[in-house]
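Enquirer: The structure follows.
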Amino acid sequence: MAHPLALIRAAGGLSPSEYARIVARNHAELGFGQMAARREKVHRWESGRTVPEPTAQLAMAHHHGVPAPEVHRLGWPHWLHLVIGDAVLLDQPYTAAGAALALNSALHLPKAPCPAALLLTGAALAAHLRTALVRATTDADRNPEGTGPRGTGPHDTSPHDTSPHGTGPSAEQLRWIGARTSTLERHESGTYLPTAALYGAAHAEHRLVVRLIGAHGHDGPSARRLFRFAARTALVCAWLSSALGEETRAERHNLTAVRAAAAAAEPDLAAVATARLAARHVVGGDPVDALALVRTARTVGTRPSPGTMTALHCTEALALARLGHAAGSARALDRAGKAASATPAAGDTPFGAAPFGATPFGAAPHRLTVTVARARSALLLGAPHEAEPHFRVLVDSLQAPPAGAPSPHTGSWLLDAVDAHLAVGDFGSAAVAVHRAVHVTGTLPPGLARQYRDRLSAHGREPAVRRALEFLRDTASHENSMTKSEVENGRDDAGARPIESADGDHE
């Protein structure tokens with residue numbers, strides 16, 4: 001059997017020499033010192049004759065987006081299996097069987113916070129998307145009975161919803177999966193529930209669907225409906241991962257959603273997945289690919305919801321702002337404002353929700369989405385004074401629980417508000433935004449909390465900022481003590497049986 005490192009290299013199209021150079025470069029950039037970039041080292045690692053030094057492993061993990069705690073927890077070469085999911089995701093053909101394997105591999109993404117790292121960019125991204133969308137549209141043309149808009153048509157609830165010979169999931173089971181998935185999608189638009197708990201629920205539902213695909217096969221109408229549910233639940237997982245500050249995990253979920261949508265022959269669903277992937281590339285610092293993804297999403301779907309249209313315009317505005325195109329960004333924001341005022345068409349569902357938290361039920365959340373996009377665009381264009389008033393609208397709206405539940409992404413929006421306040425020297429307002437983020441979310445997730453601390457640390461001498469940092473530390477300390485108590489209470493009398501994590505895996 002091939003060594004996992006060899007599989008990873010092959011998936012990335014890297015020779016041993018190229019991989020050795022990447023590891024050596026990361027080793028130096030991470031402050032571990034110089035390291036010889038020799039292909040012989042890679043050969044010895046892959047043959048099992050030698051084990052890389054701990055710092056070399058951390059340099060590899062940095063390249064693959066695997067957090068250091070996972071490297072220490074799993075050890076060599078076991079932590080590489082966290083990356084093999086990426087290899088399977090990239091290597092499998094765009095067939096139903098390939099989608100099933102890719103979905104299964106993505107069930108085991110890192111649990112600890114990861115450094116942001118985009119898996120697919122440039123020509124490789126374009127090739128994958130082109131293949132997926134051709135598959136989705138071609139198969140949809142061959143099966144014109146299909147489904148309703150965005151995968152919520154009659155086949156999702158048909159009383160005859162079973163696979164041939166009665167071997168697939170029952171109609172009752174599919175109806176309940178559909179009901180739970182729709183409920184999760186509604187929380188994308190706004191929720192009072194902790195985002196981490198929602199992610200656990202969404203991932204559990206996604207895991208159930210993927211395992212049903214594995215158990216009942218990937219051919220036939222029943223399989224298509226399961227792939228549709230897999231795409232929808234993967235999109236929820238991606239959306240919530242991003243809200244938790246886990247962009248690396250979010251992109252992986254998003255890419256599996258594209259594959260599942262292609263296997264389900266759902267071009268509208270593939271368009272939503274592509275739109276959300278564009279948002280991930282904006283956050284990941286890849287505006288050129290983000291603009292290409294926006295253009296692709298606009299050409300694939302047949303009837304995008306106002307939420308999706310608003311989000312596409314906002315994504316375009318942010319990508320153009322990252323590129324320094326102020327006029328183009330302003331025009332895209334104007335188009336977003338018009339889309340935000342549009343009346344939702346009959347049948348629009350939360351499944352068409354915008355990847356910036358807008359909801360298709362009513363225009364007010366759409367307008368808040370545009371307000372936040374205006375603020376973020378100004379910040380990216382180096383104009384924090386212009387961004388600050390827009391962020392104040394957001395911060396002031398959260399003094400008390402609003403009539404409509406806040407977006408799960410409120411914590412990341414307020415992080416940008418902190419950036420704007422710090423940039424203009426308004427440290428008191430930055431501290432207020434930090435407190436509001438904790439109060440709205442209940443507890444800042446680790447990935448997001450780390451980003452808040454990183455932003456604030458540079459201004460730690462300011463009294464208001466110092467108090468905000470202490471507040472974050474106290475909150476984290478309280479949460480850690482609660483978690484430790486829950487873990488201890490979750491063991492049996494002998495103390496030997498660990499509690500089950502949100503992912504269903506034992507720690």
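Residue names in the structure tokens use chain letters A, B, ... in the order shown, residue numbers from 1 in each chain, and ligand numbers from 1 in the order shown.
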Hey, what's within 7 Å of Ala375 (chain A) if we count only C-alpha atoms and toss same-chain stuff fewer than 4 positions away? As a list in words, please?
Expert: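 Here the qualifying residues turn out to be Thr371, Leu379, Ala387, Glu388, His390 and Phe391 of chain A.
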Enquirer: Just N, CA, C and O atoms for this one: save the residues we selected as a compact mmCIF listing (two decimals), in the first residue's frame.
Expert:
```txt
# COMPACT_ATOMS: atom_id res chain seq x y z
N THR A 371 -25.00 46.57 3.92
CA THR A 371 -24.33 47.52 4.82
C THR A 371 -22.98 46.98 5.27
O THR A 371 -21.97 47.70 5.26
N LEU A 379 -12.98 49.07 4.16
CA LEU A 379 -11.82 48.64 4.94
C LEU A 379 -10.75 48.05 4.03
O LEU A 379 -9.54 48.35 4.18
N ALA A 387 -15.49 53.08 6.57
CA ALA A 387 -16.06 51.81 7.01
C ALA A 387 -16.74 51.93 8.36
O ALA A 387 -17.78 51.29 8.62
N GLU A 388 -16.18 52.75 9.24
CA GLU A 388 -16.63 52.80 10.63
C GLU A 388 -18.12 53.12 10.80
O GLU A 388 -18.82 52.44 11.56
N HIS A 390 -20.63 52.45 8.87
CA HIS A 390 -21.41 51.28 8.49
C HIS A 390 -21.34 50.20 9.57
O HIS A 390 -22.35 49.54 9.88
N PHE A 391 -20.16 50.02 10.15
CA PHE A 391 -20.04 49.03 11.21
C PHE A 391 -20.80 49.45 12.47
O PHE A 391 -21.30 48.60 13.22
```
Enquirer: Which residues are close to Val434 (chain A), i.e. within 8 Å by only C-alpha atoms, leaving aside same-chain residues fewer than 2 positions away? Reply as a list in words.
Expert: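 That gives Leu414, Leu415, Val418, Ala430, Ala431, Val432, Arg436, Ala437, Val438, Tyr452 and Ala468 of chain A.
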Enquirer: Taking 2 positions as the minimum chain separation for residues in the same chain, which residues sit within 9 Å of region 96-107 of chain A when counting only C-alpha atoms? Answer as an MDAnalysis selection string.
Expert: chainID A and resid 82 84:94 109 203 206:207 210:211 213:214 217:219 223:224 227 230 234 252:253 256:257 259:260 262:264 503
Enquirer: How many Å separate CA of Leu120 (chain A) from CA of Leu244 (chain A)?
Expert: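 For CA of Leu120 (chain A) relative to CA of Leu244 (chain A), the distance reads 21.0 Å.
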Enquirer: Restricting the calculation to only C-alpha atoms: of A:Leu381, A:Ala243, A:Ala265, A:Ala201, which residue gets closest to Asp139 (chain A)?
Expert: A:Ala265
Enquirer: For Arg331 (chain A), which of A:Val300, A:Ala317, A:Val393, A:Ala405 is the closest residue, counting only C-alpha atoms?
Expert: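 Nearest candidate to Arg331 (chain A) out of A:Val300, A:Ala317, A:Val393, A:Ala405: A:Ala317.
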Enquirer: Record the distance separating CA of Ser17 (chain A) and CA of Arg38 (chain A), expressed in Å with one decimal.
Expert: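 About the pair CA of Ser17 (chain A) and CA of Arg38 (chain A): they are 6.2 Å apart.
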Enquirer: For Leu320 (chain A), please output as a ChimeraX atom specification all residues within 12 Å (counting only C-alpha atoms; exclusion window: fewer than 6 positions along the same chain).
Expert: /A:282,285-292,294,313-314,326-333,373,376-378,380-381
Enquirer: Take the residues from that selection and write them out as a PDB file, in the first residue's frame, keeping C-alpha atoms.
Expert:
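And here's again.pdb as it stands now:
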```pdb
ATOM      1  CA  VAL A 282     -12.522  36.431  -1.096  1.00  0.00           C
ATOM      2  CA  GLY A 285      -7.264  36.407  -0.222  1.00  0.00           C
ATOM      3  CA  ASP A 286      -7.840  35.139  -3.754  1.00  0.00           C
ATOM      4  CA  PRO A 287      -9.968  37.861  -5.415  1.00  0.00           C
ATOM      5  CA  VAL A 288      -9.131  36.909  -9.011  1.00  0.00           C
ATOM      6  CA  ASP A 289     -10.530  33.398  -8.637  1.00  0.00           C
ATOM      7  CA  ALA A 290     -13.442  34.799  -6.636  1.00  0.00           C
ATOM      8  CA  LEU A 291     -14.475  37.001  -9.575  1.00  0.00           C
ATOM      9  CA  ALA A 292     -14.222  34.044 -11.955  1.00  0.00           C
ATOM     10  CA  VAL A 294     -18.991  34.800  -9.453  1.00  0.00           C
ATOM     11  CA  HIS A 313     -22.921  41.270  -5.965  1.00  0.00           C
ATOM     12  CA  CYS A 314     -21.424  41.659  -2.460  1.00  0.00           C
ATOM     13  CA  ALA A 326     -12.922  51.325  -5.869  1.00  0.00           C
ATOM     14  CA  ALA A 327     -15.273  52.358  -8.682  1.00  0.00           C
ATOM     15  CA  GLY A 328     -16.065  48.794  -9.709  1.00  0.00           C
ATOM     16  CA  SER A 329     -16.661  47.839  -6.090  1.00  0.00           C
ATOM     17  CA  ALA A 330     -19.072  50.744  -5.638  1.00  0.00           C
ATOM     18  CA  ARG A 331     -21.060  49.735  -8.721  1.00  0.00           C
ATOM     19  CA  ALA A 332     -21.311  46.146  -7.492  1.00  0.00           C
ATOM     20  CA  LEU A 333     -22.562  47.409  -4.123  1.00  0.00           C
ATOM     21  CA  ALA A 373     -20.345  44.611   2.564  1.00  0.00           C
ATOM     22  CA  ARG A 376     -15.821  45.639   4.500  1.00  0.00           C
ATOM     23  CA  SER A 377     -15.143  47.050   1.053  1.00  0.00           C
ATOM     24  CA  ALA A 378     -14.117  50.408   2.504  1.00  0.00           C
ATOM     25  CA  LEU A 380     -10.200  46.641   2.144  1.00  0.00           C
ATOM     26  CA  LEU A 381      -9.723  49.843   0.143  1.00  0.00           C
TER      27      LEU A 381
END
```
Enquirer: Check the DSSP output for the backbone and give back, as an MDAnalysis selection string, the residues of region 106-320 of chain A in alpha helix (DSSP H).
Expert: chainID A and resid 122:142 171:189 195:216 221:243 247:263 267:283 287:300 306:320
Enquirer: Nearest to His435 (chain A) among A:Pro384, A:Pro406, A:Gly411, A:Gly168, with distances taken over only C-alpha atoms: which residue is it?
Expert: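 Once distances to His435 (chain A) are computed over only C-alpha atoms, the minimum belongs to A:Gly411.
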Enquirer: Kindly give the distance, in Å, that separates CA of Pro445 (chain A) and CA of Leu118 (chain A), rounded to a single decimal.
Expert: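 The value is 20.8 Å.
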Enquirer: Write out as a list in words the residues lying within 6 Å of region 21-35 of chain A, counting only C-alpha atoms and excluding same-chain residues fewer than 3 positions away.
Expert: Glu18, Ala59 and Met60 of chain A
